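**Q** Have a peek at structure34.cif (mmCIF, C-alpha atoms).
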data_work
loop_
_atom_site.label_atom_id
_atom_site.label_comp_id
_atom_site.auth_asym_id
_atom_site.auth_seq_id
_atom_site.Cartn_x
_atom_site.Cartn_y
_atom_site.Cartn_z
CA MET A 1 64.26 55.39 8.60
CA GLN A 2 63.11 51.75 8.51
CA LYS A 3 60.28 50.60 6.29
CA PRO A 4 57.12 49.94 8.36
CA LYS A 5 55.91 46.31 8.06
CA ALA A 6 52.27 47.40 7.82
CA LEU A 7 50.26 50.58 7.32
CA PHE A 8 47.01 51.26 9.17
CA PHE A 9 44.74 53.85 7.60
CA ASP A 10 42.12 55.92 9.33
CA VAL A 11 39.08 56.17 7.04
CA ASN A 12 36.72 59.10 7.73
CA GLU A 13 38.41 62.36 6.67
CA THR A 14 41.79 60.67 6.02
CA LEU A 15 40.75 58.62 2.97
CA LEU A 16 37.16 59.76 2.45
CA ASP A 17 35.83 63.30 2.13
CA LEU A 18 33.41 64.09 4.97
CA ASN A 19 32.21 67.16 3.08
CA ASP A 20 29.90 64.82 1.15
CA LEU A 21 27.84 64.72 4.38
CA ARG A 22 27.39 68.47 4.41
CA SER A 23 24.17 68.71 2.44
CA SER A 24 22.19 66.02 4.26
CA ILE A 25 23.35 67.21 7.70
CA SER A 26 22.57 70.78 6.72
CA GLN A 27 19.11 69.75 5.51
CA ALA A 28 18.39 68.01 8.83
CA LEU A 29 19.56 71.12 10.72
CA GLY A 30 17.43 73.62 8.83
CA GLY A 31 20.25 74.84 6.63
CA ARG A 32 22.89 75.18 9.36
CA ASP A 33 25.79 73.54 7.54
CA ASP A 34 28.15 75.50 9.81
CA LEU A 35 27.28 72.92 12.49
CA LEU A 36 28.91 69.99 10.62
CA ALA A 37 32.25 70.42 12.44
CA LEU A 38 30.55 70.70 15.84
CA TRP A 39 28.46 67.59 15.16
CA PHE A 40 31.50 65.53 14.12
CA ARG A 41 33.49 66.69 17.16
CA MET A 42 30.55 65.77 19.38
CA LEU A 43 30.46 62.32 17.75
CA LEU A 44 34.16 61.86 18.51
CA HIS A 45 33.61 63.05 22.10
CA TYR A 46 30.63 60.78 22.73
CA SER A 47 32.39 57.75 21.22
CA LEU A 48 35.00 58.20 23.96
CA VAL A 49 32.29 58.89 26.55
CA GLU A 50 31.00 55.39 25.74
CA THR A 51 34.47 53.85 26.02
CA ALA A 52 35.32 55.71 29.25
CA SER A 53 32.07 54.38 30.71
CA GLY A 54 32.66 50.79 29.65
CA GLN A 55 29.88 51.00 27.04
CA PHE A 56 29.85 50.38 23.30
CA ARG A 57 27.43 51.00 20.47
CA PRO A 58 28.12 51.40 16.74
CA PHE A 59 29.55 54.71 15.49
CA GLY A 60 26.44 55.38 13.38
CA GLN A 61 24.12 55.16 16.38
CA ILE A 62 26.29 57.56 18.37
CA GLY A 63 26.42 59.88 15.37
CA ALA A 64 22.63 59.89 15.05
CA ALA A 65 22.20 60.61 18.79
CA CYS A 66 24.65 63.52 18.54
CA LEU A 67 22.77 64.92 15.57
CA GLN A 68 19.55 64.78 17.61
CA MET A 69 21.30 66.75 20.37
CA VAL A 70 22.69 69.38 17.98
CA ALA A 71 19.22 69.73 16.44
CA LYS A 72 17.57 70.17 19.84
CA ASN A 73 20.05 72.95 20.68
CA ILE A 74 18.66 74.96 17.77
CA GLY A 75 15.04 74.11 18.56
CA LEU A 76 14.53 71.23 16.13
CA GLU A 77 13.24 67.76 16.99
CA LEU A 78 14.69 64.85 15.00
CA SER A 79 13.55 61.27 15.52
CA SER A 80 16.35 58.70 15.68
CA GLU A 81 15.17 57.43 12.27
CA GLN A 82 15.43 60.91 10.76
CA ALA A 83 18.87 61.34 12.28
CA MET A 84 20.06 57.95 10.96
CA GLU A 85 18.77 58.92 7.53
CA ALA A 86 20.60 62.26 7.62
CA ILE A 87 23.98 60.66 8.34
CA LYS A 88 23.50 57.78 5.91
CA PRO A 89 25.62 59.44 3.18
CA ILE A 90 28.63 58.62 5.40
CA LEU A 91 28.43 55.20 3.74
CA SER A 92 29.01 56.59 0.26
CA LEU A 93 31.66 59.28 0.74
CA ASN A 94 34.04 59.91 -2.14
CA PRO A 95 37.75 59.34 -1.63
CA HIS A 96 39.94 62.44 -1.61
CA PRO A 97 41.43 62.96 -5.12
CA ASP A 98 44.89 61.69 -4.05
CA VAL A 99 43.68 58.41 -2.55
CA GLN A 100 43.23 55.98 -5.48
CA SER A 101 46.64 56.69 -6.99
CA GLY A 102 48.31 56.86 -3.58
CA LEU A 103 47.07 53.48 -2.42
CA LYS A 104 47.89 51.96 -5.79
CA ARG A 105 51.52 53.08 -5.57
CA LEU A 106 51.85 51.82 -1.98
CA LYS A 107 50.41 48.46 -2.94
CA ALA A 108 52.83 48.25 -5.91
CA ALA A 109 55.68 49.03 -3.50
CA GLY A 110 54.72 45.92 -1.51
CA TYR A 111 53.13 47.50 1.55
CA ARG A 112 50.65 45.51 3.64
CA MET A 113 47.68 47.85 4.18
CA PHE A 114 44.72 47.76 6.59
CA THR A 115 42.01 50.12 7.66
CA LEU A 116 41.72 50.90 11.37
CA THR A 117 38.53 52.84 11.80
CA ASN A 118 35.87 53.87 14.31
CA SER A 119 33.27 52.93 11.67
CA SER A 120 31.51 49.60 12.24
CA PHE A 121 32.46 46.45 10.28
CA GLU A 122 29.49 46.81 8.00
CA GLY A 123 30.09 50.54 7.78
CA VAL A 124 33.71 50.32 6.67
CA ARG A 125 33.04 47.46 4.25
CA THR A 126 30.26 49.50 2.61
CA GLN A 127 32.39 52.65 2.60
CA MET A 128 35.35 50.90 0.96
CA ALA A 129 33.14 49.16 -1.63
CA ASN A 130 31.35 52.40 -2.55
CA ALA A 131 34.65 54.27 -2.81
CA GLY A 132 36.22 51.50 -4.92
CA LEU A 133 39.08 50.99 -2.45
CA THR A 134 38.43 47.49 -1.08
CA HIS A 135 41.09 45.69 -3.11
CA TYR A 136 43.95 47.76 -1.70
CA PHE A 137 43.45 46.43 1.82
CA GLU A 138 44.48 43.04 3.16
CA GLU A 139 41.66 43.43 5.70
CA CYS A 140 39.30 46.15 6.95
CA LEU A 141 39.74 46.37 10.72
CA SER A 142 37.12 48.17 12.81
CA VAL A 143 37.11 49.06 16.51
CA GLU A 144 33.85 47.10 16.64
CA ALA A 145 35.97 43.97 17.16
CA ILE A 146 37.47 45.22 20.41
CA GLN A 147 34.43 47.35 21.37
CA MET A 148 36.47 50.41 22.32
CA TYR A 149 36.96 53.59 20.32
CA LYS A 150 40.18 55.14 19.07
CA PRO A 151 42.42 56.54 20.41
CA SER A 152 42.27 54.00 23.26
CA THR A 153 45.71 52.44 23.64
CA GLN A 154 44.15 48.99 23.58
CA VAL A 155 42.81 49.52 20.04
CA TYR A 156 46.24 50.08 18.45
CA ARG A 157 47.87 47.24 20.41
CA TRP A 158 45.04 44.89 19.48
CA ALA A 159 45.32 45.85 15.80
CA ALA A 160 49.06 45.11 15.73
CA ARG A 161 48.60 41.75 17.52
CA ARG A 162 45.70 40.94 15.21
CA ILE A 163 47.97 41.03 12.16
CA GLY A 164 50.89 39.33 13.93
CA LEU A 165 53.14 42.36 14.40
CA LYS A 166 54.48 44.53 17.20
CA PRO A 167 53.12 48.10 17.46
CA GLU A 168 56.53 49.54 16.63
CA ASP A 169 56.53 47.69 13.29
CA CYS A 170 53.28 49.38 12.25
CA MET A 171 52.52 52.91 11.09
CA MET A 172 49.19 54.67 11.65
CA ILE A 173 48.26 57.12 8.89
CA ALA A 174 45.59 59.65 9.80
CA ALA A 175 44.42 63.21 9.28
CA HIS A 176 43.46 63.56 12.97
CA GLY A 177 45.81 64.88 15.62
CA TRP A 178 44.19 62.65 18.28
CA ASP A 179 44.57 59.52 16.15
CA VAL A 180 48.30 59.85 15.45
CA ALA A 181 48.83 60.91 19.09
CA GLY A 182 47.01 57.83 20.40
CA ALA A 183 48.89 55.52 18.02
CA MET A 184 52.27 56.88 19.13
CA TRP A 185 51.32 56.72 22.82
CA ALA A 186 50.46 53.04 22.15
CA GLY A 187 53.90 52.43 20.65
CA MET A 188 53.09 52.66 16.92
CA ARG A 189 54.79 54.88 14.39
CA ALA A 190 52.62 57.56 12.81
CA ALA A 191 52.24 59.83 9.79
CA PHE A 192 49.95 62.85 9.67
CA ILE A 193 48.15 64.05 6.56
CA ALA A 194 47.20 67.69 7.08
CA ARG A 195 43.76 67.68 5.44
CA PRO A 196 42.05 71.12 5.51
CA GLY A 197 40.83 71.95 9.02
CA GLN A 198 42.93 69.23 10.67
CA GLN A 199 45.69 69.93 13.20
CA LEU A 200 48.29 68.05 15.20
CA TYR A 201 47.74 68.03 18.98
CA PRO A 202 50.37 70.35 20.48
CA HIS A 203 50.96 68.06 23.50
CA ALA A 204 51.58 64.90 21.46
CA PRO A 205 54.98 63.51 20.45
CA LYS A 206 56.11 64.53 16.97
CA THR A 207 55.05 62.28 14.08
CA GLU A 208 57.85 60.92 11.87
CA LEU A 209 56.13 62.20 8.75
CA GLU A 210 53.77 65.09 8.09
CA THR A 211 52.55 65.93 4.63
CA LYS A 212 49.84 68.03 2.96
CA ASN A 213 48.28 65.04 1.17
CA LEU A 214 48.60 61.31 0.58
CA SER A 215 50.62 61.69 -2.65
CA GLU A 216 53.45 63.47 -0.82
CA LEU A 217 53.36 60.83 1.91
CA VAL A 218 53.56 58.04 -0.65
CA ASP A 219 56.57 59.71 -2.29
CA LYS A 220 58.37 59.40 1.03
CA LEU A 221 57.17 55.92 1.97
CA ILE A 222 58.14 54.27 -1.32
CA THR A 223 61.71 55.54 -1.17
CA ILE A 224 62.50 53.91 2.18
CA PRO A 225 64.86 50.98 1.51
CA GLN A 226 63.70 47.49 2.60
CA MET B 1 12.65 58.45 46.49
CA GLN B 2 15.43 58.21 49.09
CA LYS B 3 17.49 61.20 50.11
CA PRO B 4 21.02 61.00 48.62
CA LYS B 5 23.76 60.96 51.29
CA ALA B 6 25.95 63.33 49.28
CA LEU B 7 25.67 65.59 46.24
CA PHE B 8 28.48 65.94 43.70
CA PHE B 9 28.37 69.07 41.56
CA ASP B 10 29.91 69.56 38.17
CA VAL B 11 31.37 73.08 38.01
CA ASN B 12 31.91 74.49 34.49
CA GLU B 13 28.52 75.28 32.91
CA THR B 14 26.55 73.62 35.75
CA LEU B 15 27.40 76.13 38.50
CA LEU B 16 29.42 78.73 36.60
CA ASP B 17 28.50 80.56 33.41
CA LEU B 18 30.94 79.72 30.61
CA ASN B 19 29.63 82.67 28.59
CA ASP B 20 31.99 84.84 30.62
CA LEU B 21 34.75 83.27 28.48
CA ARG B 22 33.15 84.43 25.26
CA SER B 23 34.87 87.79 24.88
CA SER B 24 38.45 86.66 25.55
CA ILE B 25 38.09 83.56 23.35
CA SER B 26 36.49 85.65 20.65
CA GLN B 27 39.31 88.19 20.87
CA ALA B 28 41.91 85.42 20.46
CA LEU B 29 40.01 84.05 17.46
CA GLY B 30 39.72 87.34 15.58
CA GLY B 31 36.13 87.96 16.60
CA ARG B 32 34.83 84.44 15.93
CA ASP B 33 32.78 84.00 19.11
CA ASP B 34 30.70 81.40 17.25
CA LEU B 35 33.65 79.03 17.79
CA LEU B 36 33.28 78.96 21.61
CA ALA B 37 31.06 75.83 21.54
CA LEU B 38 33.40 74.03 19.13
CA TRP B 39 36.43 74.90 21.25
CA PHE B 40 34.78 73.63 24.46
CA ARG B 41 33.66 70.39 22.76
CA MET B 42 37.20 69.92 21.47
CA LEU B 43 38.52 70.41 25.01
CA LEU B 44 36.12 67.74 26.28
CA HIS B 45 37.16 65.41 23.44
CA TYR B 46 40.89 65.90 23.98
CA SER B 47 40.58 65.44 27.74
CA LEU B 48 39.26 61.94 26.99
CA VAL B 49 41.89 61.43 24.28
CA GLU B 50 44.45 61.89 27.07
CA THR B 51 42.64 59.45 29.38
CA ALA B 52 42.10 56.84 26.63
CA SER B 53 45.83 57.02 25.90
CA GLY B 54 46.90 56.69 29.55
CA GLN B 55 48.05 60.32 29.66
CA PHE B 56 47.11 63.23 31.89
CA ARG B 57 47.73 66.95 31.91
CA PRO B 58 45.71 69.71 33.57
CA PHE B 59 42.44 70.82 31.95
CA GLY B 60 43.79 74.33 31.35
CA GLN B 61 46.75 73.05 29.34
CA ILE B 62 44.47 70.91 27.18
CA GLY B 63 42.12 73.87 26.73
CA ALA B 64 44.97 76.10 25.59
CA ALA B 65 46.21 73.47 23.10
CA CYS B 66 42.68 73.12 21.68
CA LEU B 67 42.40 76.88 21.30
CA GLN B 68 45.69 76.86 19.36
CA MET B 69 44.22 74.19 17.06
CA VAL B 70 40.95 76.07 16.52
CA ALA B 71 42.94 79.24 15.76
CA LYS B 72 45.17 77.44 13.24
CA ASN B 73 42.05 76.17 11.45
CA ILE B 74 41.10 79.75 10.70
CA GLY B 75 44.63 80.78 9.77
CA LEU B 76 45.73 82.32 13.09
CA GLU B 77 48.85 81.42 15.07
CA LEU B 78 48.58 81.55 18.87
CA SER B 79 51.50 80.82 21.15
CA SER B 80 50.72 78.58 24.12
CA GLU B 81 51.15 81.64 26.36
CA GLN B 82 48.61 83.61 24.32
CA ALA B 83 46.20 80.69 24.43
CA MET B 84 46.61 80.28 28.22
CA GLU B 85 45.94 84.00 28.61
CA ALA B 86 42.78 83.81 26.46
CA ILE B 87 41.25 81.06 28.60
CA LYS B 88 42.31 82.58 31.91
CA PRO B 89 38.83 84.10 32.56
CA ILE B 90 37.68 80.49 33.21
CA LEU B 91 39.08 81.08 36.72
CA SER B 92 36.70 83.97 37.41
CA LEU B 93 33.38 82.87 35.91
CA ASN B 94 30.22 84.13 37.57
CA PRO B 95 27.81 81.63 39.07
CA HIS B 96 24.47 81.24 37.26
CA PRO B 97 21.85 83.45 39.02
CA ASP B 98 20.17 80.45 40.73
CA VAL B 99 23.35 79.03 42.26
CA GLN B 100 23.99 81.05 45.46
CA SER B 101 20.44 80.67 46.76
CA GLY B 102 20.18 77.05 45.60
CA LEU B 103 23.35 75.91 47.36
CA LYS B 104 22.35 77.86 50.48
CA ARG B 105 19.01 76.06 50.71
CA LEU B 106 20.62 72.65 50.14
CA LYS B 107 23.19 73.35 52.86
CA ALA B 108 20.40 74.44 55.25
CA ALA B 109 18.60 71.17 54.46
CA GLY B 110 21.64 69.26 55.71
CA TYR B 111 23.10 68.02 52.44
CA ARG B 112 26.79 67.12 52.23
CA MET B 113 28.05 68.80 49.06
CA PHE B 114 31.22 68.36 46.98
CA THR B 115 32.47 69.51 43.63
CA LEU B 116 33.55 66.85 41.15
CA THR B 117 35.18 68.66 38.28
CA ASN B 118 37.56 68.27 35.34
CA SER B 119 39.18 71.53 36.48
CA SER B 120 42.48 71.16 38.31
CA PHE B 121 42.73 71.47 42.14
CA GLU B 122 44.09 74.97 41.90
CA GLY B 123 41.59 75.77 39.17
CA VAL B 124 38.50 74.72 41.11
CA ARG B 125 39.70 76.34 44.34
CA THR B 126 40.25 79.62 42.52
CA GLN B 127 36.93 79.31 40.68
CA MET B 128 34.98 78.67 43.89
CA ALA B 129 36.73 81.47 45.77
CA ASN B 130 36.13 83.97 42.95
CA ALA B 131 32.47 82.94 42.69
CA GLY B 132 31.98 83.15 46.47
CA LEU B 133 30.86 79.50 46.69
CA THR B 134 33.68 77.84 48.66
CA HIS B 135 31.85 77.66 52.01
CA TYR B 136 29.00 75.53 50.62
CA PHE B 137 31.29 72.60 49.88
CA GLU B 138 32.73 70.11 52.35
CA GLU B 139 35.57 69.62 49.88
CA CYS B 140 36.42 70.52 46.28
CA LEU B 141 37.24 67.27 44.47
CA SER B 142 39.04 67.39 41.14
CA VAL B 143 39.84 64.62 38.66
CA GLU B 144 43.46 65.72 39.07
CA ALA B 145 43.62 63.41 42.10
CA ILE B 146 42.91 60.28 40.07
CA GLN B 147 44.50 61.63 36.84
CA MET B 148 41.62 60.56 34.60
CA TYR B 149 38.89 62.71 33.11
CA LYS B 150 35.14 62.47 33.54
CA PRO B 151 33.12 60.54 32.54
CA SER B 152 35.53 57.66 33.21
CA THR B 153 33.79 55.15 35.49
CA GLN B 154 36.80 55.16 37.80
CA VAL B 155 36.36 58.87 38.56
CA TYR B 156 32.85 58.52 40.04
CA ARG B 157 33.74 55.35 41.98
CA TRP B 158 36.86 57.00 43.36
CA ALA B 159 34.87 60.09 44.40
CA ALA B 160 32.34 57.99 46.32
CA ARG B 161 35.07 55.95 48.05
CA ARG B 162 36.96 59.15 48.80
CA ILE B 163 34.10 60.45 50.94
CA GLY B 164 33.33 57.07 52.49
CA LEU B 165 30.14 56.25 50.57
CA LYS B 166 28.91 53.82 47.94
CA PRO B 167 28.20 55.21 44.46
CA GLU B 168 24.48 54.47 44.85
CA ASP B 169 24.32 56.74 47.92
CA CYS B 170 25.62 59.69 45.92
CA MET B 171 23.97 61.92 43.34
CA MET B 172 25.84 63.65 40.52
CA ILE B 173 24.35 67.00 39.49
CA ALA B 174 25.40 68.28 36.08
CA ALA B 175 24.29 70.22 33.03
CA HIS B 176 26.10 67.81 30.69
CA GLY B 177 24.48 64.75 29.17
CA TRP B 178 27.81 62.90 29.17
CA ASP B 179 28.43 63.63 32.86
CA VAL B 180 25.12 62.32 34.19
CA ALA B 181 25.38 59.35 31.79
CA GLY B 182 28.85 58.45 33.07
CA ALA B 183 27.78 58.84 36.70
CA MET B 184 24.82 56.50 36.22
CA TRP B 185 26.91 53.95 34.31
CA ALA B 186 29.27 54.03 37.31
CA GLY B 187 26.39 53.30 39.69
CA MET B 188 25.65 56.81 40.99
CA ARG B 189 22.30 58.54 40.95
CA ALA B 190 22.02 61.63 38.77
CA ALA B 191 20.11 64.85 38.22
CA PHE B 192 20.28 66.91 35.04
CA ILE B 193 20.01 70.69 34.92
CA ALA B 194 19.00 71.70 31.39
CA ARG B 195 21.13 74.83 30.98
CA PRO B 196 20.68 76.53 27.58
CA GLY B 197 22.38 74.52 24.82
CA GLN B 198 22.74 71.39 26.98
CA GLN B 199 21.09 68.06 26.16
CA LEU B 200 20.73 64.59 27.64
CA TYR B 201 22.46 61.80 25.69
CA PRO B 202 19.71 59.78 23.99
CA HIS B 203 21.47 56.43 24.62
CA ALA B 204 21.93 56.98 28.38
CA PRO B 205 19.67 55.68 31.15
CA LYS B 206 17.07 58.19 32.32
CA THR B 207 18.10 60.53 35.16
CA GLU B 208 15.87 60.53 38.26
CA LEU B 209 15.50 64.27 38.11
CA GLU B 210 15.61 66.77 35.26
CA THR B 211 14.93 70.44 35.79
CA LYS B 212 15.37 73.73 33.95
CA ASN B 213 17.54 75.26 36.68
CA LEU B 214 19.06 74.64 40.11
CA SER B 215 16.18 76.30 42.00
CA GLU B 216 13.67 73.77 40.67
CA LEU B 217 16.03 70.94 41.50
CA VAL B 218 16.48 72.22 45.04
CA ASP B 219 12.70 72.41 45.47
CA LYS B 220 12.59 68.69 44.78
CA LEU B 221 15.67 67.68 46.77
CA ILE B 222 14.67 69.43 49.99
CA THR B 223 11.25 67.79 50.11
CA ILE B 224 12.63 64.22 50.14
CA PRO B 225 12.10 62.83 53.64
CA GLN B 226 15.19 61.71 55.59
#
In structure tokens, how does this file's structure come out?
**A**
Amino acid sequence: MQKPKALFFDVNETLLDLNDLRSSISQALGGRDDLLALWFRMLLHYSLVETASGQFRPFGQIGAACLQMVAKNIGLELSSEQAMEAIKPILSLNPHPDVQSGLKRLKAAGYRMFTLTNSSFEGVRTQMANAGLTHYFEECLSVEAIQMYKPSTQVYRWAARRIGLKPEDCMMIAAHGWDVAGAMWAGMRAAFIARPGQQLYPHAPKTELETKNLSELVDKLITIPQ
Amino acid sequence: MQKPKALFFDVNETLLDLNDLRSSISQALGGRDDLLALWFRMLLHYSLVETASGQFRPFGQIGAACLQMVAKNIGLELSSEQAMEAIKPILSLNPHPDVQSGLKRLKAAGYRMFTLTNSSFEGVRTQMANAGLTHYFEECLSVEAIQMYKPSTQVYRWAARRIGLKPEDCMMIAAHGWDVAGAMWAGMRAAFIARPGQQLYPHAPKTELETKNLSELVDKLITIPQ
């Protein structure tokens, strides 16, 4: 196995714990915290609805609209302001417990690291600052630059070009089956972190690496010879 | 309001009742029929994941893969054969109670009618035959022809061209916010049927017509002068 020349990290769920959103989403939905997974899946769906239709608006605005729709399904009316307020804690999610030490070891091993996220520029910068992770990344890349959502092929190819590399020299690291699938279909390498509730897509090519957490992944990445 | 020259109908949930899938999905998921909505949203998401990545496989295969993922999340292993078997009732869904009479009245009023569905060719033909609706449609169009999923702009433009019309002469009729949004962004007209649990997308343009069921929509469509 050859050492990747750069690592791209997905942010929401891969580095940061989305469970920190549970209480505010639940509060907005009258206590229905079982709807968190449905809301997030709807957000992912509608982000691609926008891209498939040649549209673009920031992830937060799509997330708020989806929360309004989920609320309406259970007979609740949320204004767009109330919905924006309910998802605001997405900006101050805690990193998973293995993230600080994992990124530190990768940085020490000389890896170039970037985010590649569906969050907006301002969103990811705020998220990284609040989680204390900013200094590990050479740059925080957001799909906002290219105005298309992951896993569009164009996003991964743009990201590689943007940092002066070919897709095959880069590795996407994500806890989402669709994200590693899209990266590989775009020509990148990929590693999957099997966070709780996350699964590989059965129709996708196999990722090179699959681990239970970031620590295990780091163990493997730092032993690859130059 | 001008009379549309053709009507395109979404099939799953708009004409046919997806609740008929509830028992087989629930059985495959150890009784968790609350996961039906999450599974269907995941299927919609992954169909666009395929399109965004330049891939295509039939809707049923994506649906089975998503069911395997949902099952794994709750600690169950389903083979792809078991998953295909669990979603098989999608081929024999019953039409909503307002559908037979609604389509009959539209046909009598001289409307040209087509399906435009994410289901495969074989899927939609079987669905329409089993529901006794085949004879209302001039042709059953499926995204399988263009190998991209709704709501990709290309799908609606292809469908209009395919029947010799401009998008603005056609009306998409669907119970999904994302479907009417995509149709309008592609230049078609659109009508929304608010089936239970279905919502318009707050960021989309307003549909011309929005009704609680197909009967009400037909009342409006048949009174438009030629």
**Q** Just checking: using all atoms listed in the file, which residue out of B:Arg32, B:His203, B:His96, B:Arg161 ends up closest to chain A?
**A**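 Under the stated criterion, the closest residue is B:His203.
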**Q** Residues within 9 Å of Glu168 (chain B), please, as a ChimeraX atom specification. Count only C-alpha atoms; anything in the same chain fewer than 5 positions from it doesn't count.
**A** /B:4,160,184,186-189
**Q** Using C-alpha atoms, can you write the selected residues to a file as a PDB file, in the coordinates of the input?
**A**
ATOM      1  CA  PRO B   4      21.020  61.000  48.620  1.00  0.00           C
ATOM      2  CA  ALA B 160      32.340  57.990  46.320  1.00  0.00           C
ATOM      3  CA  MET B 184      24.820  56.500  36.220  1.00  0.00           C
ATOM      4  CA  ALA B 186      29.270  54.030  37.310  1.00  0.00           C
ATOM      5  CA  GLY B 187      26.390  53.300  39.690  1.00  0.00           C
ATOM      6  CA  MET B 188      25.650  56.810  40.990  1.00  0.00           C
ATOM      7  CA  ARG B 189      22.300  58.540  40.950  1.00  0.00           C
TER       8      ARG B 189
END
**Q** From the list B:Ala37, B:Ala191, B:Ala174, B:Leu209, which residue is nearest chain A when using only C-alpha atoms?
**A**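 Comparing B:Ala37, B:Ala191, B:Ala174, B:Leu209 against chain A, the winner is B:Ala37.
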**Q** From the list B:Asp17, B:Asp10, B:Glu210, B:Glu216, which residue is nearest Ile90 (chain B) when using all atoms listed in the file?
**A** B:Asp17
**Q** Using all atoms listed in the file for the distances, tell me which of A:Leu67, A:Ala181, A:Val99, A:Ile173 is nearest to Tyr201 (chain A).
**A**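 When distances to Tyr201 (chain A) are compared using all atoms listed in the file, the smallest one comes from A:Ala181.
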**Q** Would you mind listing, for every residue of chain A within 6 Å of chain B, the two atoms forming the shortest contact and the distance between them in Å to one decimal, using all atoms listed in the file, sorted by chain and ascending residue number, as JSON lines?
**A**
{"residue": "A:Leu38", "atom": "CA", "partner": "B:Leu38", "partner_atom": "CA", "distance": 5.5}
{"residue": "A:His45", "atom": "CA", "partner": "B:His45", "partner_atom": "CA", "distance": 4.5}
{"residue": "A:Ala52", "atom": "CA", "partner": "B:Ser152", "partner_atom": "CA", "distance": 4.4}
{"residue": "A:Ser53", "atom": "CA", "partner": "B:Thr153", "partner_atom": "CA", "distance": 5.1}
{"residue": "A:Ala65", "atom": "CA", "partner": "B:Pro202", "partner_atom": "CA", "distance": 5.8}
{"residue": "A:Met69", "atom": "CA", "partner": "B:Gln199", "partner_atom": "CA", "distance": 5.9}
{"residue": "A:Asn73", "atom": "CA", "partner": "B:Gly197", "partner_atom": "CA", "distance": 5.0}
{"residue": "A:Ser152", "atom": "CA", "partner": "B:Ala52", "partner_atom": "CA", "distance": 4.4}
{"residue": "A:Thr153", "atom": "CA", "partner": "B:Ser53", "partner_atom": "CA", "distance": 5.1}
{"residue": "A:Gly182", "atom": "CA", "partner": "B:Ser53", "partner_atom": "CA", "distance": 5.7}
{"residue": "A:Gly197", "atom": "CA", "partner": "B:Asn73", "partner_atom": "CA", "distance": 5.0}
{"residue": "A:Gln199", "atom": "CA", "partner": "B:Met69", "partner_atom": "CA", "distance": 5.9}
{"residue": "A:Pro202", "atom": "CA", "partner": "B:Ala65", "partner_atom": "CA", "distance": 5.8}
**Q** May I ask for the distance between CA of Gln147 (chain B) and CA of Tyr156 (chain A), given in Å to one decimal place?
**A**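 So the answer is 21.8 Å.
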